[in-house]
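Shown below: target-v1.cif, with mmCIF, C-alpha atoms.
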data_protein
#
loop_
_atom_site.label_atom_id
_atom_site.label_comp_id
_atom_site.auth_asym_id
_atom_site.auth_seq_id
_atom_site.Cartn_x
_atom_site.Cartn_y
_atom_site.Cartn_z
CA MET Q 28 0.00 0.00 0.00
CA SER Q 29 1.44 3.37 -1.04
CA THR Q 30 2.37 5.71 1.80
CA SER Q 31 2.41 8.77 -0.46
CA VAL Q 32 0.06 10.43 -2.90
CA LYS Q 33 0.57 12.67 -5.90
CA VAL Q 34 -0.68 16.27 -5.79
CA THR Q 35 -0.88 18.52 -8.85
CA LEU Q 36 -0.26 22.17 -8.09
CA GLU Q 37 -1.68 24.82 -10.42
CA PHE Q 38 -0.42 28.38 -10.17
CA GLY Q 39 -3.14 30.25 -12.05
CA LYS Q 40 -4.28 30.51 -15.65
CA GLY Q 41 -1.49 30.28 -18.16
CA LYS Q 42 1.09 29.40 -15.53
CA ALA Q 43 2.99 26.17 -15.18
CA SER Q 44 1.78 23.38 -12.95
CA GLN Q 45 3.91 21.06 -10.88
CA GLU Q 46 3.47 17.68 -9.25
CA ILE Q 47 4.64 16.88 -5.75
CA ASN Q 48 4.37 13.83 -3.51
CA VAL Q 49 3.08 14.06 0.03
CA SER Q 50 2.16 11.54 2.69
CA ALA Q 51 -1.22 9.88 2.35
CA SER Q 52 -2.05 11.31 5.77
CA ALA Q 53 -0.67 14.81 4.96
CA THR Q 54 -2.34 17.83 6.49
CA ILE Q 55 -2.87 21.15 4.73
CA ARG Q 56 0.14 22.42 6.69
CA ASP Q 57 2.23 19.56 5.27
CA VAL Q 58 1.10 20.46 1.74
CA LYS Q 59 2.09 24.11 2.24
CA THR Q 60 5.49 23.02 3.51
CA ALA Q 61 5.91 20.76 0.47
CA VAL Q 62 4.95 23.63 -1.87
CA LYS Q 63 7.56 25.86 -0.27
CA SER Q 64 10.21 23.16 -0.55
CA ALA Q 65 9.35 22.27 -4.15
CA GLY Q 66 9.35 25.89 -5.25
CA LYS Q 67 12.80 26.66 -3.83
CA GLY Q 68 11.82 30.27 -3.31
CA ARG Q 69 10.06 30.71 -6.66
CA TYR Q 70 6.57 30.59 -5.18
CA GLY Q 71 7.17 32.62 -2.04
CA SER Q 72 6.93 31.29 1.50
CA ILE Q 73 3.28 31.79 2.43
CA HIS Q 74 0.50 30.39 0.29
CA GLN Q 75 -3.22 30.37 -0.20
CA ILE Q 76 -4.45 26.95 -1.29
CA SER Q 77 -7.89 26.17 -2.66
CA LEU Q 78 -9.51 23.28 -4.48
CA LYS Q 79 -10.53 25.41 -7.44
CA GLU Q 80 -9.82 28.97 -8.43
CA GLY Q 81 -12.24 31.32 -6.71
CA GLU Q 82 -13.41 28.70 -4.19
CA LYS Q 83 -13.01 29.03 -0.43
CA ARG Q 84 -9.39 28.54 0.46
CA LEU Q 85 -8.14 25.72 2.66
CA ASP Q 86 -7.12 27.56 5.80
CA ASP Q 87 -7.43 24.87 8.43
CA ASP Q 88 -3.83 23.66 8.51
CA ASP Q 89 -4.66 20.80 10.86
CA LYS Q 90 -7.15 19.21 8.48
CA LYS Q 91 -5.93 16.24 6.46
CA LEU Q 92 -5.89 16.69 2.71
CA SER Q 93 -7.98 13.53 2.37
CA GLU Q 94 -10.68 15.13 4.53
CA VAL Q 95 -11.18 18.16 2.30
CA ALA Q 96 -10.53 16.74 -1.19
CA LYS Q 97 -10.77 13.56 -3.19
CA ALA Q 98 -7.96 11.93 -5.15
CA PRO Q 99 -6.56 12.63 -7.67
CA TYR Q 100 -5.59 15.86 -5.91
CA THR Q 101 -5.39 19.10 -7.85
CA LEU Q 102 -4.88 22.28 -5.87
CA GLN Q 103 -4.81 25.94 -6.81
CA VAL Q 104 -1.84 27.69 -5.23
CA LYS Q 105 -1.48 31.44 -4.82
CA ASN Q 106 1.59 33.18 -3.46
CA LEU Q 107 0.33 35.67 -0.87
CA GLY Q 108 3.39 37.88 -1.21
CA ALA Q 109 4.98 39.84 1.62
CA GLN Q 110 3.22 39.15 4.91
CA ILE Q 111 3.36 40.42 8.48
CA GLY Q 112 2.01 38.98 11.72
CA TYR Q 113 -1.46 40.04 12.86
CA ARG Q 114 -0.25 40.78 16.38
CA THR Q 115 2.56 42.99 15.11
CA VAL Q 116 0.17 45.02 12.94
CA PHE Q 117 -2.27 45.53 15.79
CA ILE Q 118 0.43 46.61 18.23
CA LEU Q 119 1.81 49.21 15.81
CA GLU Q 120 -1.53 50.56 14.57
CA TYR Q 121 -2.83 51.07 18.13
CA LEU Q 122 0.40 52.61 19.34
CA GLY Q 123 0.14 55.59 16.97
CA PRO Q 124 -3.10 57.07 18.38
CA ILE Q 125 -1.65 56.92 21.90
CA LEU Q 126 1.55 58.68 20.83
CA PHE Q 127 -0.14 61.35 18.72
CA VAL Q 128 -2.76 62.36 21.26
CA GLY Q 129 -0.25 62.07 24.11
CA ALA Q 130 2.26 64.22 22.22
CA PHE Q 131 -0.26 67.00 21.53
CA ALA Q 132 -1.34 66.99 25.17
CA GLY Q 133 2.29 67.08 26.32
CA VAL Q 134 3.11 70.02 24.06
CA ARG Q 135 -0.04 71.84 25.19
CA LEU Q 136 0.97 71.38 28.84
CA GLY Q 137 4.42 72.76 28.10
CA LEU Q 138 6.23 69.49 28.77
CA ALA Q 139 8.23 69.89 25.54
CA GLY Q 140 9.20 73.47 26.31
CA PRO Q 141 7.54 76.88 25.87
CA GLU Q 142 8.92 77.38 22.37
CA LEU Q 143 7.21 74.30 20.94
CA GLN Q 144 4.06 75.06 22.92
CA LYS Q 145 3.93 78.53 21.35
CA LEU Q 146 4.72 77.19 17.87
CA VAL Q 147 1.94 74.59 17.93
CA PHE Q 148 -0.78 76.29 19.98
CA GLY Q 149 0.11 80.00 19.89
CA ASP Q 150 0.79 82.61 22.56
CA SER Q 151 -2.54 82.05 24.28
CA ALA Q 152 -1.47 78.56 25.41
CA LYS Q 153 1.10 79.93 27.85
CA GLY Q 154 -0.20 79.62 31.39
CA MET Q 155 -3.63 78.51 30.22
CA PRO Q 156 -4.67 75.15 31.74
CA LEU Q 157 -5.95 72.32 29.58
CA ASP Q 158 -9.74 72.12 29.64
CA SER Q 159 -10.87 69.51 32.19
CA VAL Q 160 -13.27 67.85 29.72
CA ALA Q 161 -10.53 67.73 27.09
CA LEU Q 162 -8.21 66.11 29.62
CA LEU Q 163 -10.91 63.58 30.49
CA ALA Q 164 -11.40 62.80 26.79
CA ILE Q 165 -7.64 62.35 26.37
CA TYR Q 166 -7.65 59.82 29.22
CA CYS Q 167 -10.55 58.00 27.56
CA TRP Q 168 -8.80 57.97 24.17
CA VAL Q 169 -5.49 56.70 25.56
CA GLY Q 170 -7.30 54.21 27.79
CA HIS Q 171 -9.18 52.76 24.83
CA PHE Q 172 -6.07 52.11 22.78
CA ALA Q 173 -4.14 50.88 25.83
CA LYS Q 174 -6.97 48.36 26.27
CA ARG Q 175 -6.56 47.33 22.65
CA GLU Q 176 -2.84 46.80 23.14
CA PHE Q 177 -3.56 44.67 26.22
CA GLU Q 178 -6.09 42.59 24.29
CA THR Q 179 -3.66 42.14 21.41
CA LEU Q 180 -0.95 40.84 23.73
CA PHE Q 181 -2.99 38.80 26.20
CA VAL Q 182 -6.56 38.18 24.97
CA HIS Q 183 -6.89 37.74 21.21
CA LYS Q 184 -6.21 34.40 19.54
CA PHE Q 185 -5.69 34.83 15.80
CA SER Q 186 -6.95 32.16 13.42
CA ARG Q 187 -4.48 33.27 10.76
CA PRO Q 188 -0.84 34.05 11.54
CA THR Q 189 -0.27 36.80 8.98
CA MET Q 190 -1.85 39.45 6.78
CA PRO Q 191 -0.50 41.30 3.70
CA LEU Q 192 2.30 43.72 4.59
CA PHE Q 193 0.40 46.53 2.86
CA ASN Q 194 -2.25 46.33 5.59
CA LEU Q 195 0.30 47.64 8.09
CA PHE Q 196 0.61 50.94 6.24
CA LYS Q 197 -3.13 51.17 5.50
CA ASN Q 198 -4.16 50.49 9.09
CA CYS Q 199 -1.51 52.76 10.58
CA MET Q 200 -2.49 55.58 8.23
CA TYR Q 201 -6.10 55.28 9.38
CA TYR Q 202 -5.49 55.20 13.14
CA TRP Q 203 -2.47 57.49 13.24
CA SER Q 204 -4.07 60.22 11.11
CA PHE Q 205 -7.22 60.26 13.24
CA GLY Q 206 -5.00 60.39 16.32
CA ALA Q 207 -3.53 63.60 14.92
CA VAL Q 208 -6.76 65.26 13.78
CA ILE Q 209 -8.50 64.46 17.07
CA GLY Q 210 -5.51 65.09 19.35
CA TYR Q 211 -4.88 68.62 18.15
CA PRO Q 212 -8.37 70.14 18.67
CA LEU Q 213 -8.70 68.34 22.00
CA SER Q 214 -5.53 70.02 23.25
CA SER Q 215 -6.03 73.40 21.61
CA THR Q 216 -6.99 76.57 23.46
CA GLY Q 217 -10.06 76.79 21.26
CA PHE Q 218 -11.64 73.60 22.61
CA VAL Q 219 -15.12 74.26 23.98
CA ALA Q 220 -16.69 71.52 26.06
CA PRO Q 221 -20.37 70.69 25.53
CA PRO Q 222 -22.83 71.10 28.42
CA PRO Q 223 -22.22 68.81 31.44
CA THR Q 224 -25.28 66.69 30.59
CA TYR Q 225 -23.70 65.70 27.27
CA VAL Q 226 -20.31 65.11 28.87
CA ASN Q 227 -21.76 62.84 31.55
CA ALA Q 228 -23.97 60.94 29.11
CA GLY Q 229 -21.15 60.50 26.62
CA LEU Q 230 -18.73 59.34 29.32
CA ALA Q 231 -21.24 56.80 30.64
CA ILE Q 232 -21.85 55.40 27.13
CA PHE Q 233 -18.11 55.25 26.50
CA LEU Q 234 -17.22 53.42 29.72
CA LEU Q 235 -20.08 50.92 29.54
CA SER Q 236 -19.29 50.19 25.90
CA GLU Q 237 -15.62 49.67 26.68
CA LEU Q 238 -16.54 47.08 29.32
CA GLY Q 239 -18.98 45.39 26.94
CA ASN Q 240 -16.36 45.28 24.20
CA LEU Q 241 -13.76 43.76 26.55
CA TYR Q 242 -16.23 41.14 27.75
CA CYS Q 243 -17.01 40.12 24.15
CA HIS Q 244 -13.34 39.81 23.27
CA VAL Q 245 -12.59 37.66 26.31
CA LYS Q 246 -15.60 35.43 25.58
CA LEU Q 247 -14.58 34.95 21.94
CA SER Q 248 -11.01 34.19 22.95
CA LEU Q 249 -12.11 31.54 25.45
CA MET Q 250 -14.18 29.89 22.72
CA ARG Q 251 -11.12 29.42 20.51
CA PRO Q 252 -9.06 26.42 21.71
CA ALA Q 253 -5.68 27.81 20.71
CA GLU Q 254 -3.81 30.32 18.59
CA GLY Q 255 -4.26 29.48 14.92
CA SER Q 256 -7.37 27.37 15.49
CA LYS Q 257 -10.32 27.94 13.16
CA LYS Q 258 -12.72 26.21 15.52
CA ARG Q 259 -15.37 28.36 17.17
CA GLU Q 260 -18.92 27.47 18.11
CA ILE Q 261 -21.89 29.82 17.86
CA PRO Q 262 -21.41 32.33 20.69
CA THR Q 263 -24.39 32.74 23.00
CA GLY Q 264 -25.37 34.86 25.97
CA PHE Q 265 -25.10 38.57 26.65
CA MET Q 266 -25.40 40.66 23.44
CA PHE Q 267 -24.45 37.65 21.31
CA ASP Q 268 -28.10 36.62 21.47
CA LEU Q 269 -29.03 39.76 19.55
CA VAL Q 270 -26.23 40.33 17.03
CA ALA Q 271 -23.47 38.34 15.38
CA CYS Q 272 -20.74 40.80 16.38
CA PRO Q 273 -21.53 42.64 19.60
CA ASN Q 274 -17.83 43.51 19.94
CA TYR Q 275 -18.20 45.78 16.90
CA PHE Q 276 -21.46 47.21 18.25
CA PHE Q 277 -19.78 48.18 21.52
CA GLU Q 278 -16.76 49.54 19.67
CA ILE Q 279 -18.96 51.91 17.70
CA MET Q 280 -20.94 52.88 20.78
CA SER Q 281 -17.68 53.78 22.55
CA TRP Q 282 -16.96 56.33 19.83
CA VAL Q 283 -20.54 57.55 19.83
CA GLY Q 284 -20.10 58.29 23.52
CA PHE Q 285 -16.73 59.92 22.89
CA SER Q 286 -18.24 62.12 20.18
CA ILE Q 287 -21.08 63.18 22.48
CA MET Q 288 -18.71 64.15 25.29
CA THR Q 289 -16.39 66.16 23.03
CA PHE Q 290 -18.57 67.54 20.20
CA LEU Q 291 -15.56 67.22 17.88
CA PRO Q 292 -16.41 66.94 14.14
CA ALA Q 293 -13.30 64.80 13.61
CA SER Q 294 -14.53 62.35 16.24
CA ALA Q 295 -17.92 62.09 14.53
CA ILE Q 296 -16.19 61.35 11.21
CA PHE Q 297 -13.97 58.76 12.91
CA THR Q 298 -17.10 57.11 14.31
CA LEU Q 299 -18.87 57.04 10.93
CA VAL Q 300 -15.85 55.65 9.07
CA GLY Q 301 -15.38 53.04 11.78
CA PHE Q 302 -19.03 52.03 11.61
CA TYR Q 303 -18.88 51.62 7.83
CA GLN Q 304 -15.91 49.27 8.10
CA MET Q 305 -17.19 47.30 11.07
CA GLN Q 306 -20.65 46.77 9.63
CA GLU Q 307 -18.98 45.20 6.58
CA TRP Q 308 -17.01 42.84 8.84
CA ALA Q 309 -20.13 42.06 10.88
CA VAL Q 310 -22.23 41.27 7.79
CA LYS Q 311 -19.47 38.99 6.51
CA LYS Q 312 -19.27 37.13 9.84
CA HIS Q 313 -23.08 36.93 9.95
CA LYS Q 314 -23.09 35.26 6.52
CA GLU Q 315 -20.31 32.88 7.56
CA TYR Q 316 -22.33 31.77 10.58
CA LYS Q 317 -25.35 31.17 8.34
CA LYS Q 318 -23.31 29.18 5.84
CA THR Q 319 -21.55 27.10 8.48
CA TYR Q 320 -24.42 26.38 10.88
CA GLU Q 321 -27.44 26.91 8.57
CA THR Q 322 -30.77 26.58 10.44
CA GLU Q 323 -29.03 26.13 13.77
CA TYR Q 324 -27.94 29.75 13.43
CA THR Q 325 -30.73 31.30 11.33
CA LYS Q 326 -33.41 30.19 13.81
CA LEU Q 327 -31.74 32.48 16.38
CA LYS Q 328 -32.88 35.46 14.26
CA ARG Q 329 -29.92 37.64 15.12
CA LYS Q 330 -28.92 40.80 13.31
CA ALA Q 331 -25.37 41.50 12.15
CA ILE Q 332 -24.33 44.48 14.29
CA ILE Q 333 -27.27 46.63 15.49
CA PRO Q 334 -29.83 44.83 17.69
CA PHE Q 335 -33.29 44.41 16.06
CA VAL Q 336 -32.26 46.68 13.16
CA TYR Q 337 -29.31 45.58 11.02
#

Here is the file; what I need is its structure written in the form of structure tokens.
Amino acid sequence: MSTSVKVTLEFGKGKASQEINVSASATIRDVKTAVKSAGKGRYGSIHQISLKEGEKRLDDDDKKLSEVAKAPYTLQVKNLGAQIGYRTVFILEYLGPILFVGAFAGVRLGLAGPELQKLVFGDSAKGMPLDSVALLAIYCWVGHFAKREFETLFVHKFSRPTMPLFNLFKNCMYYWSFGAVIGYPLSSTGFVAPPPTYVNAGLAIFLLSELGNLYCHVKLSLMRPAEGSKKREIPTGFMFDLVACPNYFFEIMSWVGFSIMTFLPASAIFTLVGFYQMQEWAVKKHKEYKKTYETEYTKLKRKAIIPFVY
């Protein structure tokens, strides 16, 4: 009885194919390793493998090839190009907002010297204290992204090890630029706080949403057996009974609260852009749940991101 099987690798339309031999009990991870070895650097080091072009890719590295395909094996192979670890991207993209807002606040308080304070905020900044609501908002902003850094290091379990390197620059541009356009008006002498009722309401929404978001992330992490695992059951309880992605709902509500307590146009734009992106992710996850669990999930009648609405 043969202990190995032949696998035909196709590299896209019009490109050469290649045959390799792998163990009859080979996993998807073993196949990827064999592709890397056979290519000798020509095909890159990280690959997307699917049964047919355009079909769902085979991402569960622990699955045996024989479990996901039938012999004779023909696989579509795509070189994913330059990659970077998910955790690394998250750490860097969340660090920027902390540094930008913290730097503006430090300059405004004169910690970088009176010359720089005058250059950035003008003569009126000298001896003028930072608005108490602005300072509170700065603490909230820094606290949010510090929480994200904590979750990245100690809570999240990533199902995929890497993402395209380009995402690092795209994500950093998004978070870092908003850190700058929100940090400056918060620290400026022209900041005018909204009435106390709005500040208190916005702060309450922000803090409760932050706690809800953290709870969701911890719950999702506990449901994933280990780093790199694709396994996750249908989450239940708390806001998961109402929407597919309550973590995104709470994330948006945090920024709604922040916008209410600051009345900053840039914060409102940040909230709207964030909602647009997160609703796309939530709808995608909602569809994945439906496809994977079918009636077991659809009978729950959940929405994607906004309870009872969307």

> Any chance you could work out the residue set of the PyMOL selection byres ((chain Q and resi 279) around 9) here, as a PyMOL selection string?
Replying inline: chain Q and resi 236+274-278+280-284+298-299+301-302+305

> For the file shown, what are the residues hit by the PyMOL selection byres ((chain Q and resi 149) around 12), laid out as a PyMOL selection string?
Replying inline: chain Q and resi 134-135+137+141-148+150-155+214-217

>> Starting from the PyMOL selection byres ((chain Q and resi 189) around 12), expand the selection into actual residues of this file and give them as number ranges by chain.
In response: Q: 72-75, 86, 107-117, 185-188, 190-195, 255

List the spatial neighbours of Leu213 in chain Q as a JSON list (two decimals) with C-alpha atoms, in the coordinates of the input - criterion: any atom at most 8 Å away, all atoms listed in the file, same-chain residues fewer than 2 positions off excluded.
[["chain", "number", "residue", "atom", "x", "y", "z"],
["Q", 161, "ALA", "CA", -10.53, 67.73, 27.09],
["Q", 162, "LEU", "CA", -8.21, 66.11, 29.62],
["Q", 164, "ALA", "CA", -11.40, 62.80, 26.79],
["Q", 165, "ILE", "CA", -7.64, 62.35, 26.37],
["Q", 209, "ILE", "CA", -8.50, 64.46, 17.07],
["Q", 210, "GLY", "CA", -5.51, 65.09, 19.35],
["Q", 211, "TYR", "CA", -4.88, 68.62, 18.15],
["Q", 215, "SER", "CA", -6.03, 73.40, 21.61],
["Q", 218, "PHE", "CA", -11.64, 73.60, 22.61]]

> What separation in Å, quoted to one decimal, exists between CA of Ser93 in chain Q and CA of Thr30 in chain Q?
Replying inline: 13.0 Å

>> Could you tell me how far CA of Lys90 in chain Q sits from CA of Ala309 in chain Q, in Å to one decimal place?
In response: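 Result for CA of Ala309 in chain Q versus CA of Lys90 in chain Q: 26.4 Å, one decimal.
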
> Q:Gln45, Q:Asn227, Q:Ser294, Q:Thr319: which is nearest Arg259 in chain Q, counting all atoms listed in the file?
Replying inline: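 Of all the options, Q:Thr319 lies closest to Arg259 in chain Q.
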
> Looking at all atoms listed in the file, which of Q:Ala228, Q:Leu247, Q:Ala293, Q:Leu327 is the one that sits closest to Val270 in chain Q?
Replying inline: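 Closest to Val270 in chain Q of all the choices is Q:Leu327.
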
> Closest to Trp168 in chain Q among Q:Leu269, Q:Met250, Q:Ile47, Q:Met288, using only C-alpha atoms?
Replying inline: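 The shortest atom-to-atom distance to Trp168 in chain Q comes from Q:Met288.
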
>> I'd like the interatomic distance between CA of Ala253 in chain Q and CA of Leu241 in chain Q, to a tenth of an Å.
In response: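 About the pair CA of Ala253 in chain Q and CA of Leu241 in chain Q: they are 18.8 Å apart.
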
> Neighbours of Val32 in chain Q within 8 Å (only C-alpha atoms; same-chain residues fewer than 2 positions away dropped), as a list of chain:residue names?
Replying inline: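 So, after excluding close chain neighbours, the residues are Q:Ser29, Q:Thr30, Q:Val34, Q:Asn48, Q:Val49, Q:Ser50, Q:Ala51.
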
> Which residue gives the smallest distance to Glu120 in chain Q among Q:Asn198, Q:Asn240, Q:Thr60, Q:Ser31, with all atoms listed in the file counted?
Replying inline: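 Of Q:Asn198, Q:Asn240, Q:Thr60, Q:Ser31, the one nearest Glu120 in chain Q, counting all atoms listed in the file, is Q:Asn198.
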
Mind rebuilding range 238-260 of chain Q with N, CA and C atoms and writing that out as a short mmCIF file (atom, residue, chain, number, x, y, z; two decimals), in the coordinates of the input?
data_model
loop_
_atom_site.label_atom_id
_atom_site.label_comp_id
_atom_site.auth_asym_id
_atom_site.auth_seq_id
_atom_site.Cartn_x
_atom_site.Cartn_y
_atom_site.Cartn_z
N LEU Q 238 -16.42 48.31 28.53
CA LEU Q 238 -16.54 47.08 29.32
C LEU Q 238 -17.23 45.99 28.51
N GLY Q 239 -18.28 46.36 27.77
CA GLY Q 239 -18.98 45.39 26.94
C GLY Q 239 -18.08 44.83 25.85
N ASN Q 240 -17.29 45.70 25.24
CA ASN Q 240 -16.36 45.28 24.20
C ASN Q 240 -15.31 44.32 24.75
N LEU Q 241 -14.76 44.63 25.92
CA LEU Q 241 -13.76 43.76 26.55
C LEU Q 241 -14.36 42.40 26.88
N TYR Q 242 -15.58 42.40 27.41
CA TYR Q 242 -16.23 41.14 27.75
C TYR Q 242 -16.39 40.26 26.50
N CYS Q 243 -16.83 40.87 25.40
CA CYS Q 243 -17.01 40.12 24.15
C CYS Q 243 -15.70 39.52 23.67
N HIS Q 244 -14.63 40.30 23.73
CA HIS Q 244 -13.34 39.81 23.27
C HIS Q 244 -12.83 38.65 24.12
N VAL Q 245 -13.01 38.75 25.42
CA VAL Q 245 -12.59 37.66 26.31
C VAL Q 245 -13.41 36.41 26.02
N LYS Q 246 -14.72 36.57 25.86
CA LYS Q 246 -15.60 35.43 25.58
C LYS Q 246 -15.21 34.74 24.27
N LEU Q 247 -14.97 35.52 23.23
CA LEU Q 247 -14.58 34.95 21.94
C LEU Q 247 -13.23 34.24 22.04
N SER Q 248 -12.32 34.82 22.79
CA SER Q 248 -11.01 34.19 22.95
C SER Q 248 -11.11 32.85 23.66
N LEU Q 249 -11.94 32.79 24.70
CA LEU Q 249 -12.11 31.54 25.45
C LEU Q 249 -12.77 30.46 24.61
N MET Q 250 -13.52 30.87 23.58
CA MET Q 250 -14.18 29.89 22.72
C MET Q 250 -13.23 29.30 21.68
N ARG Q 251 -12.10 29.94 21.47
CA ARG Q 251 -11.12 29.42 20.51
C ARG Q 251 -10.09 28.59 21.27
N PRO Q 252 -9.93 27.31 20.94
CA PRO Q 252 -9.06 26.42 21.71
C PRO Q 252 -7.61 26.89 21.81
N ALA Q 253 -7.08 27.42 20.71
CA ALA Q 253 -5.68 27.81 20.71
C ALA Q 253 -5.40 28.78 19.58
N GLU Q 254 -4.25 29.43 19.66
CA GLU Q 254 -3.81 30.32 18.59
C GLU Q 254 -3.74 29.55 17.29
N GLY Q 255 -4.30 30.12 16.23
CA GLY Q 255 -4.26 29.48 14.92
C GLY Q 255 -5.44 28.56 14.65
N SER Q 256 -6.22 28.26 15.67
CA SER Q 256 -7.37 27.37 15.49
C SER Q 256 -8.49 28.09 14.76
N LYS Q 257 -9.17 27.38 13.87
CA LYS Q 257 -10.32 27.94 13.16
C LYS Q 257 -11.62 27.57 13.86
N LYS Q 258 -11.52 26.72 14.87
CA LYS Q 258 -12.72 26.21 15.52
C LYS Q 258 -13.34 27.27 16.44
N ARG Q 259 -14.63 27.48 16.29
CA ARG Q 259 -15.37 28.36 17.17
C ARG Q 259 -16.85 28.05 17.03
N GLU Q 260 -17.50 27.76 18.13
CA GLU Q 260 -18.92 27.47 18.11
C GLU Q 260 -19.72 28.78 18.00
#
